[in-house]
>>> print(open('work-v4.txt').read())   # compact mmCIF, C-alpha atoms
# COMPACT_ATOMS: atom_id res chain seq x y z
CA MET A 841 -67.34 -50.52 -24.46
CA TYR A 842 -65.66 -47.64 -22.64
CA LEU A 843 -68.59 -46.22 -20.59
CA SER A 844 -67.71 -42.75 -21.87
CA LYS A 845 -68.06 -40.82 -25.12
CA SER A 846 -64.97 -38.73 -24.32
CA ILE A 847 -62.83 -41.82 -23.84
CA GLU A 848 -64.21 -43.45 -27.00
CA GLU A 849 -63.56 -40.26 -28.94
CA LEU A 850 -59.90 -40.08 -27.95
CA VAL A 851 -59.41 -43.82 -28.58
CA ASN A 852 -60.79 -43.26 -32.10
CA GLU A 853 -58.48 -40.29 -32.66
CA PHE A 854 -55.42 -42.28 -31.55
CA SER A 855 -56.45 -45.19 -33.79
CA LYS A 856 -55.86 -42.91 -36.78
CA LEU A 857 -52.11 -42.78 -36.05
CA PRO A 858 -49.93 -45.07 -38.23
CA GLY A 859 -49.59 -48.54 -36.71
CA VAL A 860 -51.91 -47.87 -33.78
CA GLY A 861 -54.77 -50.30 -33.11
CA LYS A 862 -57.65 -50.04 -30.63
CA LYS A 863 -55.66 -51.63 -27.79
CA THR A 864 -52.71 -49.27 -28.07
CA ALA A 865 -55.06 -46.33 -28.59
CA PHE A 866 -56.84 -47.24 -25.35
CA ARG A 867 -53.49 -47.49 -23.55
CA TYR A 868 -52.57 -43.98 -24.74
CA THR A 869 -56.00 -42.69 -23.70
CA LEU A 870 -55.56 -44.10 -20.19
CA HIS A 871 -52.25 -42.27 -19.99
CA PHE A 872 -54.07 -38.98 -20.58
CA LEU A 873 -56.82 -39.97 -18.15
CA ASN A 874 -54.20 -40.46 -15.43
CA SER A 875 -52.03 -37.42 -16.14
CA THR A 876 -52.73 -33.89 -14.98
CA MET A 877 -54.92 -31.36 -16.77
CA ASP A 878 -51.79 -29.18 -17.22
CA ASP A 879 -49.85 -31.94 -18.96
CA ASN A 880 -52.80 -32.66 -21.25
CA THR A 881 -53.13 -28.97 -22.13
CA LYS A 882 -49.40 -28.84 -22.96
CA PHE A 883 -49.83 -31.82 -25.25
CA SER A 884 -52.86 -30.50 -27.07
CA GLN A 885 -51.15 -27.11 -27.50
CA ALA A 886 -48.11 -28.81 -29.03
CA ILE A 887 -50.40 -30.36 -31.65
CA THR A 888 -52.19 -27.09 -32.40
CA ARG A 889 -48.95 -25.09 -32.56
CA LEU A 890 -47.34 -27.54 -34.99
CA LYS A 891 -49.35 -26.47 -38.02
CA GLN A 892 -49.46 -22.81 -36.96
CA ASN A 893 -45.69 -22.38 -36.63
CA ILE A 894 -44.35 -24.60 -39.34
CA LYS A 895 -43.54 -23.19 -42.77
CA ASN A 896 -41.59 -24.73 -45.63
CA CYS A 897 -38.02 -23.45 -46.06
CA SER A 898 -37.97 -21.07 -49.04
CA VAL A 899 -34.85 -22.82 -50.38
CA CYS A 900 -35.03 -26.56 -49.63
CA GLN A 901 -38.79 -26.81 -48.86
CA SER A 902 -38.29 -28.73 -45.60
CA PRO A 903 -40.66 -27.88 -42.74
CA ASN A 904 -39.14 -25.58 -40.12
CA ASP A 905 -39.84 -22.53 -37.93
CA PHE A 906 -38.26 -19.86 -40.16
CA ASP A 907 -38.43 -18.62 -43.74
CA THR A 908 -35.13 -20.31 -44.42
CA CYS A 909 -34.09 -23.40 -42.46
CA GLU A 910 -31.01 -23.84 -40.28
CA ILE A 911 -29.24 -26.06 -42.80
CA CYS A 912 -29.77 -23.66 -45.72
CA ARG A 913 -28.56 -20.74 -43.56
CA ASN A 914 -25.45 -22.60 -42.39
CA PRO A 915 -22.35 -21.20 -44.19
CA VAL A 916 -20.23 -24.18 -43.12
CA ARG A 917 -22.31 -26.61 -45.17
CA ASN A 918 -21.49 -27.26 -48.82
CA HIS A 919 -24.18 -25.46 -50.84
CA ARG A 920 -22.91 -26.93 -54.10
CA GLN A 921 -23.89 -30.40 -53.00
CA ILE A 922 -27.67 -30.82 -52.94
CA CYS A 923 -29.17 -34.06 -51.66
CA VAL A 924 -32.54 -34.57 -53.37
CA ILE A 925 -35.01 -36.43 -51.14
CA GLU A 926 -38.63 -37.45 -51.29
CA SER A 927 -39.69 -36.14 -47.90
CA TYR A 928 -38.61 -34.52 -44.70
CA LYS A 929 -38.27 -37.82 -42.83
CA ASP A 930 -35.44 -38.78 -45.20
CA LEU A 931 -33.67 -35.56 -44.21
CA VAL A 932 -33.86 -36.53 -40.53
CA ALA A 933 -32.62 -40.06 -41.37
CA ILE A 934 -29.63 -38.74 -43.37
CA GLU A 935 -28.79 -36.06 -40.76
CA ASN A 936 -28.71 -38.79 -38.13
CA THR A 937 -25.92 -40.58 -40.01
CA GLN A 938 -23.70 -37.45 -39.60
CA GLN A 939 -22.09 -38.35 -42.93
CA PHE A 940 -23.48 -35.59 -45.12
CA PHE A 941 -22.39 -31.96 -45.02
CA GLY A 942 -24.15 -30.53 -48.05
CA VAL A 943 -27.70 -29.20 -48.24
CA TYR A 944 -31.05 -30.79 -49.11
CA HIS A 945 -33.96 -30.42 -51.47
CA VAL A 946 -37.30 -31.93 -50.48
CA LEU A 947 -39.33 -32.96 -53.55
CA GLY A 948 -42.45 -33.48 -51.44
CA GLY A 949 -43.18 -36.76 -53.20
CA ILE A 950 -42.06 -38.88 -56.09
CA ILE A 951 -43.33 -39.28 -59.66
CA SER A 952 -45.98 -42.00 -59.54
CA PRO A 953 -48.49 -42.18 -62.41
CA ILE A 954 -50.49 -44.85 -60.53
CA ASP A 955 -51.11 -42.42 -57.68
CA GLY A 956 -51.65 -39.57 -60.13
CA ILE A 957 -48.51 -37.72 -59.02
CA GLY A 958 -46.75 -35.98 -61.90
CA PRO A 959 -43.69 -33.69 -62.02
CA ASN A 960 -45.89 -30.60 -61.50
CA ASP A 961 -46.99 -31.87 -58.08
CA LEU A 962 -43.39 -31.91 -56.82
CA ASN A 963 -40.99 -29.12 -55.81
CA ILE A 964 -39.06 -29.46 -59.09
CA LYS A 965 -39.45 -25.83 -60.20
CA GLU A 966 -37.87 -24.80 -56.90
CA LEU A 967 -34.98 -27.23 -57.48
CA ILE A 968 -34.30 -25.81 -60.96
CA GLY A 969 -34.38 -22.33 -59.43
CA ARG A 970 -31.53 -23.28 -57.10
CA ILE A 971 -29.17 -24.27 -59.89
CA ASP A 972 -26.92 -21.46 -61.20
CA ASN A 973 -23.92 -21.55 -63.55
CA GLU A 974 -21.46 -22.92 -61.03
CA GLN A 975 -21.13 -26.71 -61.00
CA THR A 976 -23.45 -28.42 -58.53
CA GLU A 977 -23.69 -32.05 -57.48
CA LEU A 978 -27.21 -33.43 -57.10
CA ILE A 979 -27.18 -36.53 -54.96
CA MET A 980 -30.38 -38.47 -55.62
CA ALA A 981 -31.31 -40.09 -52.31
CA LEU A 982 -34.67 -41.51 -53.37
CA ASN A 983 -36.12 -44.85 -52.35
CA PRO A 984 -34.85 -47.66 -54.62
CA THR A 985 -38.20 -48.28 -56.32
CA ILE A 986 -39.59 -47.96 -59.84
CA GLU A 987 -41.04 -44.56 -58.87
CA GLY A 988 -37.70 -43.44 -57.45
CA ASP A 989 -35.88 -44.47 -60.62
CA THR A 990 -38.50 -42.76 -62.80
CA THR A 991 -38.04 -39.53 -60.87
CA ILE A 992 -34.25 -39.68 -61.19
CA TYR A 993 -34.61 -40.35 -64.93
CA TYR A 994 -36.99 -37.41 -65.34
CA LEU A 995 -34.70 -35.02 -63.42
CA THR A 996 -31.61 -36.19 -65.32
CA ASN A 997 -33.32 -35.42 -68.63
CA LEU A 998 -34.59 -32.07 -67.40
CA LEU A 999 -31.15 -30.98 -66.19
CA ARG A 1000 -29.27 -32.25 -69.25
CA ASP A 1001 -28.06 -28.77 -70.30
CA LYS A 1002 -27.25 -27.52 -66.79
CA ASN A 1003 -23.87 -27.57 -65.12
CA VAL A 1004 -24.83 -30.38 -62.75
CA LYS A 1005 -23.32 -33.71 -61.86
CA ILE A 1006 -26.00 -36.22 -60.91
CA THR A 1007 -25.13 -39.05 -58.54
CA THR A 1008 -27.28 -41.53 -56.63
CA ILE A 1009 -26.72 -43.07 -53.24
CA SER A 1010 -25.16 -46.51 -53.63
CA ARG A 1011 -27.34 -49.56 -53.75
CA GLY A 1012 -26.28 -52.99 -52.63
CA VAL A 1013 -26.62 -55.44 -49.81
CA ALA A 1014 -27.38 -53.76 -46.51
CA PHE A 1015 -25.08 -54.19 -43.53
CA GLY A 1016 -26.17 -57.21 -41.48
CA SER A 1017 -28.32 -58.73 -44.22
CA GLU A 1018 -27.84 -62.19 -45.73
CA LEU A 1019 -26.90 -62.73 -49.38
CA GLU A 1020 -29.15 -65.80 -49.52
CA TYR A 1021 -32.24 -63.66 -48.91
CA THR A 1022 -31.25 -60.66 -51.01
CA ASP A 1023 -33.34 -60.22 -54.16
CA ASP A 1024 -31.75 -60.90 -57.55
CA LEU A 1025 -31.84 -57.27 -58.73
CA THR A 1026 -30.03 -55.97 -55.66
CA LEU A 1027 -27.49 -58.78 -55.60
CA GLY A 1028 -26.80 -58.41 -59.34
CA ARG A 1029 -26.32 -54.67 -58.99
CA SER A 1030 -24.05 -55.10 -55.99
CA ILE A 1031 -21.70 -57.23 -58.09
CA GLN A 1032 -21.76 -54.80 -61.03
CA ALA A 1033 -21.09 -51.87 -58.69
CA ARG A 1034 -18.40 -53.64 -56.68
CA GLN A 1035 -15.94 -51.36 -54.90
CA PRO A 1036 -12.20 -51.60 -54.10
CA TYR A 1037 -11.83 -53.10 -50.63
CA GLU A 1038 -9.64 -50.19 -49.43
CA GLN A 1039 -12.55 -47.84 -50.01
CA LEU A 1040 -14.72 -49.90 -47.66
CA ILE A 1041 -12.23 -50.05 -44.80
CA ASN A 1042 -11.37 -46.37 -45.07
CA LYS A 1043 -14.99 -45.43 -44.35
CA MET B 1 -32.13 -32.81 -35.18
CA TYR B 2 -35.58 -31.82 -36.47
CA LEU B 3 -34.92 -28.26 -37.77
CA SER B 4 -37.95 -27.07 -35.80
CA LYS B 5 -38.81 -26.39 -32.18
CA SER B 6 -42.50 -27.18 -32.80
CA ILE B 7 -41.65 -30.58 -34.25
CA GLU B 8 -39.19 -31.34 -31.45
CA GLU B 9 -41.77 -30.30 -28.86
CA LEU B 10 -44.43 -32.67 -30.21
CA VAL B 11 -41.90 -35.51 -30.56
CA ASN B 12 -41.03 -35.00 -26.89
CA GLU B 13 -44.69 -35.00 -25.87
CA PHE B 14 -45.35 -38.25 -27.76
CA SER B 15 -42.24 -39.84 -26.20
CA LYS B 16 -44.01 -39.59 -22.83
CA LEU B 17 -46.66 -42.12 -23.92
CA PRO B 18 -46.16 -45.68 -22.64
CA GLY B 19 -43.96 -47.74 -24.98
CA VAL B 20 -43.26 -44.88 -27.38
CA GLY B 21 -39.62 -44.12 -28.30
CA LYS B 22 -38.20 -41.22 -30.31
CA LYS B 23 -38.65 -42.98 -33.65
CA THR B 24 -42.33 -43.77 -33.14
CA ALA B 25 -42.89 -40.31 -31.66
CA PHE B 26 -41.41 -38.77 -34.82
CA ARG B 27 -43.62 -40.98 -36.97
CA TYR B 28 -46.70 -39.77 -35.08
CA THR B 29 -45.54 -36.15 -35.39
CA LEU B 30 -45.15 -36.51 -39.17
CA HIS B 31 -48.73 -37.79 -39.28
CA PHE B 32 -49.91 -34.52 -37.71
CA LEU B 33 -47.63 -32.50 -39.98
CA ASN B 34 -49.29 -34.08 -43.01
CA SER B 35 -52.90 -33.97 -41.83
CA THR B 36 -55.18 -30.97 -42.00
CA MET B 37 -55.44 -28.20 -39.41
CA ASP B 38 -59.06 -29.27 -38.80
CA ASP B 39 -58.10 -32.87 -38.01
CA ASN B 40 -55.37 -31.69 -35.65
CA THR B 41 -57.79 -29.36 -33.87
CA LYS B 42 -60.27 -32.23 -33.46
CA PHE B 43 -57.53 -34.33 -31.94
CA SER B 44 -56.31 -31.70 -29.52
CA GLN B 45 -59.89 -30.96 -28.47
CA ALA B 46 -60.47 -34.66 -27.76
CA ILE B 47 -57.51 -34.55 -25.35
CA THR B 48 -58.67 -31.36 -23.63
CA ARG B 49 -62.27 -32.57 -23.35
CA LEU B 50 -61.27 -35.87 -21.78
CA LYS B 51 -60.39 -34.45 -18.37
CA GLN B 52 -63.15 -31.83 -18.48
CA ASN B 53 -65.99 -34.27 -19.11
CA ILE B 54 -64.93 -37.32 -17.16
CA LYS B 55 -66.09 -37.87 -13.60
CA ASN B 56 -65.91 -40.97 -11.44
CA CYS B 57 -69.15 -42.93 -11.06
CA SER B 58 -70.59 -42.22 -7.60
CA VAL B 59 -71.17 -45.94 -7.09
CA CYS B 60 -68.37 -47.96 -8.70
CA GLN B 61 -65.81 -45.13 -9.12
CA SER B 62 -65.10 -45.90 -12.77
CA PRO B 63 -64.49 -42.92 -15.08
CA ASN B 64 -67.53 -42.00 -17.19
CA ASP B 65 -69.59 -39.06 -18.48
CA PHE B 66 -72.35 -39.11 -15.83
CA ASP B 67 -72.73 -39.08 -12.06
CA THR B 68 -73.57 -42.76 -12.17
CA CYS B 69 -72.20 -44.98 -14.92
CA GLU B 70 -74.17 -47.02 -17.44
CA ILE B 71 -73.39 -50.32 -15.75
CA CYS B 72 -74.46 -49.15 -12.28
CA ARG B 73 -77.68 -47.71 -13.76
CA ASN B 74 -78.49 -50.90 -15.67
CA PRO B 75 -81.34 -52.79 -13.90
CA VAL B 76 -80.65 -55.96 -15.89
CA ARG B 77 -77.23 -56.42 -14.30
CA ASN B 78 -76.85 -58.32 -11.05
CA HIS B 79 -76.16 -55.67 -8.39
CA ARG B 80 -75.53 -58.34 -5.72
CA GLN B 81 -72.42 -59.48 -7.57
CA ILE B 82 -69.63 -56.89 -7.35
CA CYS B 83 -66.40 -57.47 -9.24
CA VAL B 84 -63.59 -55.70 -7.35
CA ILE B 85 -60.87 -54.47 -9.71
CA GLU B 86 -57.70 -52.42 -9.45
CA SER B 87 -58.41 -50.00 -12.26
CA TYR B 88 -60.71 -49.05 -15.07
CA LYS B 89 -58.69 -50.89 -17.71
CA ASP B 90 -59.55 -54.17 -15.97
CA LEU B 91 -63.22 -53.25 -16.31
CA VAL B 92 -62.82 -52.82 -20.06
CA ALA B 93 -60.92 -56.13 -20.28
CA ILE B 94 -63.62 -58.02 -18.34
CA GLU B 95 -66.48 -56.37 -20.25
CA ASN B 96 -64.82 -57.47 -23.49
CA THR B 97 -65.10 -61.13 -22.41
CA GLN B 98 -68.93 -60.75 -22.26
CA GLN B 99 -68.90 -63.31 -19.45
CA PHE B 100 -69.79 -61.09 -16.49
CA PHE B 101 -73.22 -59.64 -15.80
CA GLY B 102 -72.76 -58.16 -12.34
CA VAL B 103 -71.38 -54.73 -11.46
CA TYR B 104 -67.91 -53.42 -10.67
CA HIS B 105 -65.97 -51.59 -8.00
CA VAL B 106 -62.77 -49.81 -9.00
CA LEU B 107 -60.31 -49.67 -6.08
CA GLY B 108 -58.13 -47.16 -7.90
CA GLY B 109 -54.98 -49.07 -6.98
CA ILE B 110 -53.78 -51.91 -4.84
CA ILE B 111 -52.22 -52.09 -1.36
CA SER B 112 -48.47 -51.75 -1.91
CA PRO B 113 -46.32 -50.71 1.06
CA ILE B 114 -43.25 -50.40 -1.20
CA ASP B 115 -44.99 -47.73 -3.27
CA GLY B 116 -46.47 -46.15 -0.15
CA ILE B 117 -50.05 -47.08 -1.07
CA GLY B 118 -52.14 -48.02 1.95
CA PRO B 119 -55.85 -48.91 2.32
CA ASN B 120 -56.76 -45.25 2.83
CA ASP B 121 -55.52 -44.39 -0.66
CA LEU B 122 -58.02 -46.76 -2.24
CA ASN B 123 -61.79 -46.59 -2.77
CA ILE B 124 -62.40 -49.05 0.09
CA LYS B 125 -64.70 -46.79 2.12
CA GLU B 126 -66.92 -46.52 -0.97
CA LEU B 127 -66.94 -50.32 -1.32
CA ILE B 128 -68.01 -50.80 2.31
CA GLY B 129 -70.73 -48.21 1.74
CA ARG B 130 -72.20 -50.36 -1.04
CA ILE B 131 -72.68 -53.41 1.17
CA ASP B 132 -76.07 -53.67 2.90
CA ASN B 133 -77.69 -56.56 4.81
CA GLU B 134 -78.58 -58.62 1.78
CA GLN B 135 -75.99 -61.19 0.76
CA THR B 136 -73.51 -59.91 -1.81
CA GLU B 137 -70.78 -61.74 -3.70
CA LEU B 138 -67.48 -59.88 -4.04
CA ILE B 139 -65.45 -61.30 -6.91
CA MET B 140 -61.84 -60.27 -6.41
CA ALA B 141 -60.42 -59.76 -9.90
CA LEU B 142 -57.03 -58.39 -8.87
CA ASN B 143 -53.72 -59.14 -10.55
CA PRO B 144 -52.18 -62.38 -9.21
CA THR B 145 -49.29 -60.68 -7.39
CA ILE B 146 -48.19 -60.28 -3.76
CA GLU B 147 -49.89 -56.86 -3.70
CA GLY B 148 -53.09 -58.32 -5.14
CA ASP B 149 -53.13 -61.09 -2.54
CA THR B 150 -52.40 -58.60 0.27
CA THR B 151 -55.34 -56.48 -0.84
CA ILE B 152 -57.69 -59.49 -0.95
CA TYR B 153 -56.49 -60.53 2.52
CA TYR B 154 -57.06 -57.03 3.89
CA LEU B 155 -60.58 -56.80 2.42
CA THR B 156 -61.51 -60.30 3.63
CA ASN B 157 -60.55 -59.34 7.18
CA LEU B 158 -62.36 -56.03 6.97
CA LEU B 159 -65.60 -57.64 5.74
CA ARG B 160 -65.50 -60.58 8.14
CA ASP B 161 -68.76 -59.59 9.89
CA LYS B 162 -70.66 -58.55 6.78
CA ASN B 163 -73.04 -60.71 4.80
CA VAL B 164 -70.62 -61.14 1.90
CA LYS B 165 -69.25 -64.12 0.05
CA ILE B 166 -65.75 -63.43 -1.22
CA THR B 167 -64.48 -65.27 -4.30
CA THR B 168 -61.44 -64.73 -6.52
CA ILE B 169 -61.10 -65.28 -10.25
CA SER B 170 -59.51 -68.67 -10.89
CA ARG B 171 -55.80 -68.96 -11.32
CA GLY B 172 -54.08 -71.58 -13.40
CA VAL B 173 -52.36 -72.16 -16.69
CA ALA B 174 -53.53 -69.74 -19.36
CA PHE B 175 -55.08 -70.98 -22.58
CA GLY B 176 -52.37 -71.51 -25.20
CA SER B 177 -49.48 -71.54 -22.71
CA GLU B 178 -47.06 -74.45 -22.21
CA LEU B 179 -46.83 -76.41 -18.95
CA GLU B 180 -43.05 -76.66 -19.34
CA TYR B 181 -42.65 -72.89 -19.04
CA THR B 182 -45.31 -72.26 -16.38
CA ASP B 183 -43.86 -71.19 -13.02
CA ASP B 184 -44.00 -73.65 -10.10
CA LEU B 185 -46.47 -71.63 -8.05
CA THR B 186 -49.01 -71.39 -10.86
CA LEU B 187 -48.60 -75.03 -11.90
CA GLY B 188 -48.87 -76.22 -8.27
CA ARG B 189 -52.01 -74.19 -7.71
CA SER B 190 -53.56 -75.39 -10.95
CA ILE B 191 -53.25 -78.98 -9.73
CA GLN B 192 -54.67 -78.16 -6.29
CA ALA B 193 -57.57 -76.25 -7.83
CA ARG B 194 -58.29 -78.85 -10.52
CA GLN B 195 -61.80 -78.82 -11.89
CA PRO B 196 -64.18 -81.52 -13.13
CA TYR B 197 -63.77 -81.89 -16.88
CA GLU B 198 -67.51 -81.41 -17.49
CA GLN B 199 -67.24 -77.93 -16.04
CA LEU B 200 -64.56 -77.03 -18.63
CA ILE B 201 -66.48 -78.26 -21.66
CA ASN B 202 -69.73 -76.68 -20.56
CA LYS B 203 -68.14 -73.24 -20.64
>>> encode(input="work-v4.txt", output="structure tokens")
Amino acid sequence: MYLSKSIEELVNEFSKLPGVGKKTAFRYTLHFLNSTMDDNTKFSQAITRLKQNIKNCSVCQSPNDFDTCEICRNPVRNHRQICVIESYKDLVAIENTQQFFGVYHVLGGIISPIDGIGPNDLNIKELIGRIDNEQTELIMALNPTIEGDTTIYYLTNLLRDKNVKITTISRGVAFGSELEYTDDLTLGRSIQARQPYEQLINK
Amino acid sequence: MYLSKSIEELVNEFSKLPGVGKKTAFRYTLHFLNSTMDDNTKFSQAITRLKQNIKNCSVCQSPNDFDTCEICRNPVRNHRQICVIESYKDLVAIENTQQFFGVYHVLGGIISPIDGIGPNDLNIKELIGRIDNEQTELIMALNPTIEGDTTIYYLTNLLRDKNVKITTISRGVAFGSELEYTDDLTLGRSIQARQPYEQLINK
């Protein structure tokens, strides 16, 4: 009951956003009702421009404004260390840690037979194309799930004869979590993959 | 660090929404990055259309698509019972209760000297214009704050000589709240304004 088709329409559009219900959508709509026509135009242009301007980097496949992204063009970064990720949001998450100085490769998904996603649906051909004769480290930074592990297994097999060293990000108990509530698999692995204490305090 | 000006721009636009931080804004932006150009166009059109199509109802001043809103045009509703509200979102909240069958008047704000809002900034002239010789009930449904009370006081004085009956929505302890944590003013008032039990169970 909004008295207006235009208001209802925008509420419905906002409800499509992840985690947004009718109440929040209405709150957002009111914001646009109360702001200036200019501000609203700026907003709607930003949405339209997004898809028009964005292309995938020809090297790492992450979305950006150029043919080749800033990270792939940066000579200071280590181009022999490729962090393999599922999607662009993982790139942003890892960049925010400021702990990684190599480059990325966005798979654009993960092997998941249930969802009908096979190796051919991912940017694997492009990854293979990036690997030359010089030794390269592939850091698998995929979500710790069955699908993630399947993808790592598939890539490891595929790259068996190449000059690559495959590593995965470490798994274990997260900082601030409680051992009591950690699942068996994680806790078991964290004991198997225990690290010298000096390594922890030096980080 | 988003690699792209277009992405950063949209994240910034979303951050302007009430209660939206950078993380949520980025999540919304990714949604638009992954949806189709058509869907994005529909969304941005809904935002542009909002301001173009919406006008304030000539009677109650609420935003709607016509010169006079659905509620004010509805002959079934009681036009001698006007619910005075601060803004349109209160109208939606009250309509959702399905307990009110009169009409509304949107003040478009509340008297607040601190924010520099005086009676002339509100739709008070329009409210006076709606009152004829026949008796009318004005239900003051303003937020229970100093500013709300000031506004009710001002209107009561202004309408002293008119044939109006002024009431306010009841104040008291909210359903599901705990007496222990209710502030003194509310708890005191709720005892003063106690109601016969039969009235409660008949509702």
>>> atom_distance(input="work-v4.txt", atom1="CA of Glu926 in chain A", atom2="CA of Arg1029 in chain A")
22.5 Å
>>> interface_residues(input="work-v4.txt", of="chain B", to="chain A", cutoff="6 Å", atoms="all atoms listed in the file", output="ChimeraX atom specification")
/B:3-4,6,10,44,46,50,64-65
>>> closest_residue(input="work-v4.txt", among="A:Tyr1021, A:Gln975, A:Gly942, A:Gln901", to="Pro915 in chain A", atoms="only C-alpha atoms")
A:Gly942
>>> residues_around(input="work-v4.txt", residues="Ser898 in chain A", least_positions_apart="2", cutoff="7 Å", atoms="only C-alpha atoms", output="PyMOL selection string")
chain A and resi 896+900-901+907-908
>>> residues_around(input="work-v4.txt", residues="Ser170 in chain B", least_positions_apart="5", cutoff="12 Å", atoms="all atoms listed in the file", output="list in words")
Ile139, Met140, Ala141, Leu142, Asn143, Pro144, Thr186, Arg189, Ser190, Gln192, Ala193, Arg194 and Gln195 of chain B
>>> atom_distance(input="work-v4.txt", atom1="CA of Gly109 in chain B", atom2="CA of Ser87 in chain B")
6.4 Å
>>> atom_distance(input="work-v4.txt", atom1="CA of Arg77 in chain B", atom2="CA of Phe101 in chain B")
5.4 Å
>>> closest_residue(input="work-v4.txt", among="B:Cys83, B:Ile128, B:Ile169, B:Ile146", to="Ser112 in chain B", atoms="only C-alpha atoms")
B:Ile146
>>> residues_around(input="work-v4.txt", residues="Thr990 in chain A", least_positions_apart="5", cutoff="9 Å", atoms="only C-alpha atoms", output="tab-separated table (two decimals) with C-alpha atoms, keeping the file's coordinate frame")
chain	number	residue	atom	x	y	z
A	950	ILE	CA	-42.06	-38.88	-56.09
A	951	ILE	CA	-43.33	-39.28	-59.66
A	952	SER	CA	-45.98	-42.00	-59.54
A	985	THR	CA	-38.20	-48.28	-56.32
A	995	LEU	CA	-34.70	-35.02	-63.42
>>> residues_around(input="work-v4.txt", residues="Val164 in chain B", least_positions_apart="6", cutoff="8 Å", atoms="only C-alpha atoms", output="list in words")
Gln135, Thr136, Glu137 and Leu138 of chain B
>>> axis_aligned_box(input="work-v4.txt", around="range 905-914 of chain A", padding_each_side="5 Å", output="JSON")
{"center_x": -32.6, "center_y": -22.3, "center_z": -41.8, "size_x": 24.4, "size_y": 17.4, "size_z": 17.8}
>>> residues_around(input="work-v4.txt", residues="Lys162 in chain B", least_positions_apart="2", cutoff="9 Å", atoms="all atoms listed in the file", output="mmCIF file with C-alpha atoms, keeping the file's coordinate frame")
data_model
loop_
_atom_site.group_PDB
_atom_site.id
_atom_site.type_symbol
_atom_site.label_atom_id
_atom_site.label_comp_id
_atom_site.auth_asym_id
_atom_site.auth_seq_id
_atom_site.Cartn_x
_atom_site.Cartn_y
_atom_site.Cartn_z
ATOM 1 C CA ILE B 131 -72.680 -53.410 1.170
ATOM 2 C CA ASP B 132 -76.070 -53.670 2.900
ATOM 3 C CA ASN B 133 -77.690 -56.560 4.810
ATOM 4 C CA GLN B 135 -75.990 -61.190 0.760
ATOM 5 C CA LEU B 158 -62.360 -56.030 6.970
ATOM 6 C CA LEU B 159 -65.600 -57.640 5.740
ATOM 7 C CA ARG B 160 -65.500 -60.580 8.140
ATOM 8 C CA VAL B 164 -70.620 -61.140 1.900
ATOM 9 C CA LYS B 165 -69.250 -64.120 0.050
#
>>> closest_residue(input="work-v4.txt", among="A:Leu962, A:Val943, A:Ile1006, A:Ile992", to="Val916 in chain A", atoms="all atoms listed in the file")
A:Val943
>>> decode(input="work-v4.txt", residues="range 936-948 of chain A", atoms="N, CA and C atoms", output="mmCIF file, in the first residue's frame")
data_model
loop_
_atom_site.group_PDB
_atom_site.id
_atom_site.type_symbol
_atom_site.label_atom_id
_atom_site.label_comp_id
_atom_site.auth_asym_id
_atom_site.auth_seq_id
_atom_site.Cartn_x
_atom_site.Cartn_y
_atom_site.Cartn_z
ATOM 1 N N ASN A 936 42.474 -6.019 0.435
ATOM 2 C CA ASN A 936 42.259 -5.266 1.678
ATOM 3 C C ASN A 936 43.177 -5.713 2.807
ATOM 4 N N THR A 937 43.669 -6.966 2.744
ATOM 5 C CA THR A 937 44.575 -7.434 3.798
ATOM 6 C C THR A 937 45.964 -6.816 3.649
ATOM 7 N N GLN A 938 46.288 -6.313 2.444
ATOM 8 C CA GLN A 938 47.610 -5.734 2.140
ATOM 9 C C GLN A 938 48.745 -6.713 2.447
ATOM 10 N N GLN A 939 48.491 -8.002 2.280
ATOM 11 C CA GLN A 939 49.486 -9.025 2.582
ATOM 12 C C GLN A 939 49.930 -9.765 1.333
ATOM 13 N N PHE A 940 49.373 -9.417 0.184
ATOM 14 C CA PHE A 940 49.689 -10.173 -1.023
ATOM 15 C C PHE A 940 50.185 -9.242 -2.127
ATOM 16 N N PHE A 941 51.339 -9.592 -2.711
ATOM 17 C CA PHE A 941 51.955 -8.679 -3.675
ATOM 18 C C PHE A 941 52.162 -9.334 -5.030
ATOM 19 N N GLY A 942 51.489 -10.465 -5.233
ATOM 20 C CA GLY A 942 51.525 -11.117 -6.535
ATOM 21 C C GLY A 942 50.376 -10.625 -7.394
ATOM 22 N N VAL A 943 49.953 -11.457 -8.339
ATOM 23 C CA VAL A 943 48.826 -11.101 -9.197
ATOM 24 C C VAL A 943 47.696 -12.122 -8.995
ATOM 25 N N TYR A 944 46.581 -11.920 -9.684
ATOM 26 C CA TYR A 944 45.402 -12.762 -9.468
ATOM 27 C C TYR A 944 44.983 -13.488 -10.740
ATOM 28 N N HIS A 945 44.148 -14.506 -10.556
ATOM 29 C CA HIS A 945 43.408 -15.053 -11.684
ATOM 30 C C HIS A 945 41.992 -15.388 -11.221
ATOM 31 N N VAL A 946 41.021 -14.742 -11.842
ATOM 32 C CA VAL A 946 39.622 -14.960 -11.461
ATOM 33 C C VAL A 946 39.035 -16.103 -12.285
ATOM 34 N N LEU A 947 38.650 -17.203 -11.613
ATOM 35 C CA LEU A 947 38.085 -18.351 -12.327
ATOM 36 C C LEU A 947 36.667 -18.058 -12.823
ATOM 37 N N GLY A 948 35.984 -17.155 -12.127
ATOM 38 C CA GLY A 948 34.603 -16.841 -12.522
ATOM 39 C C GLY A 948 33.636 -17.916 -12.086
#
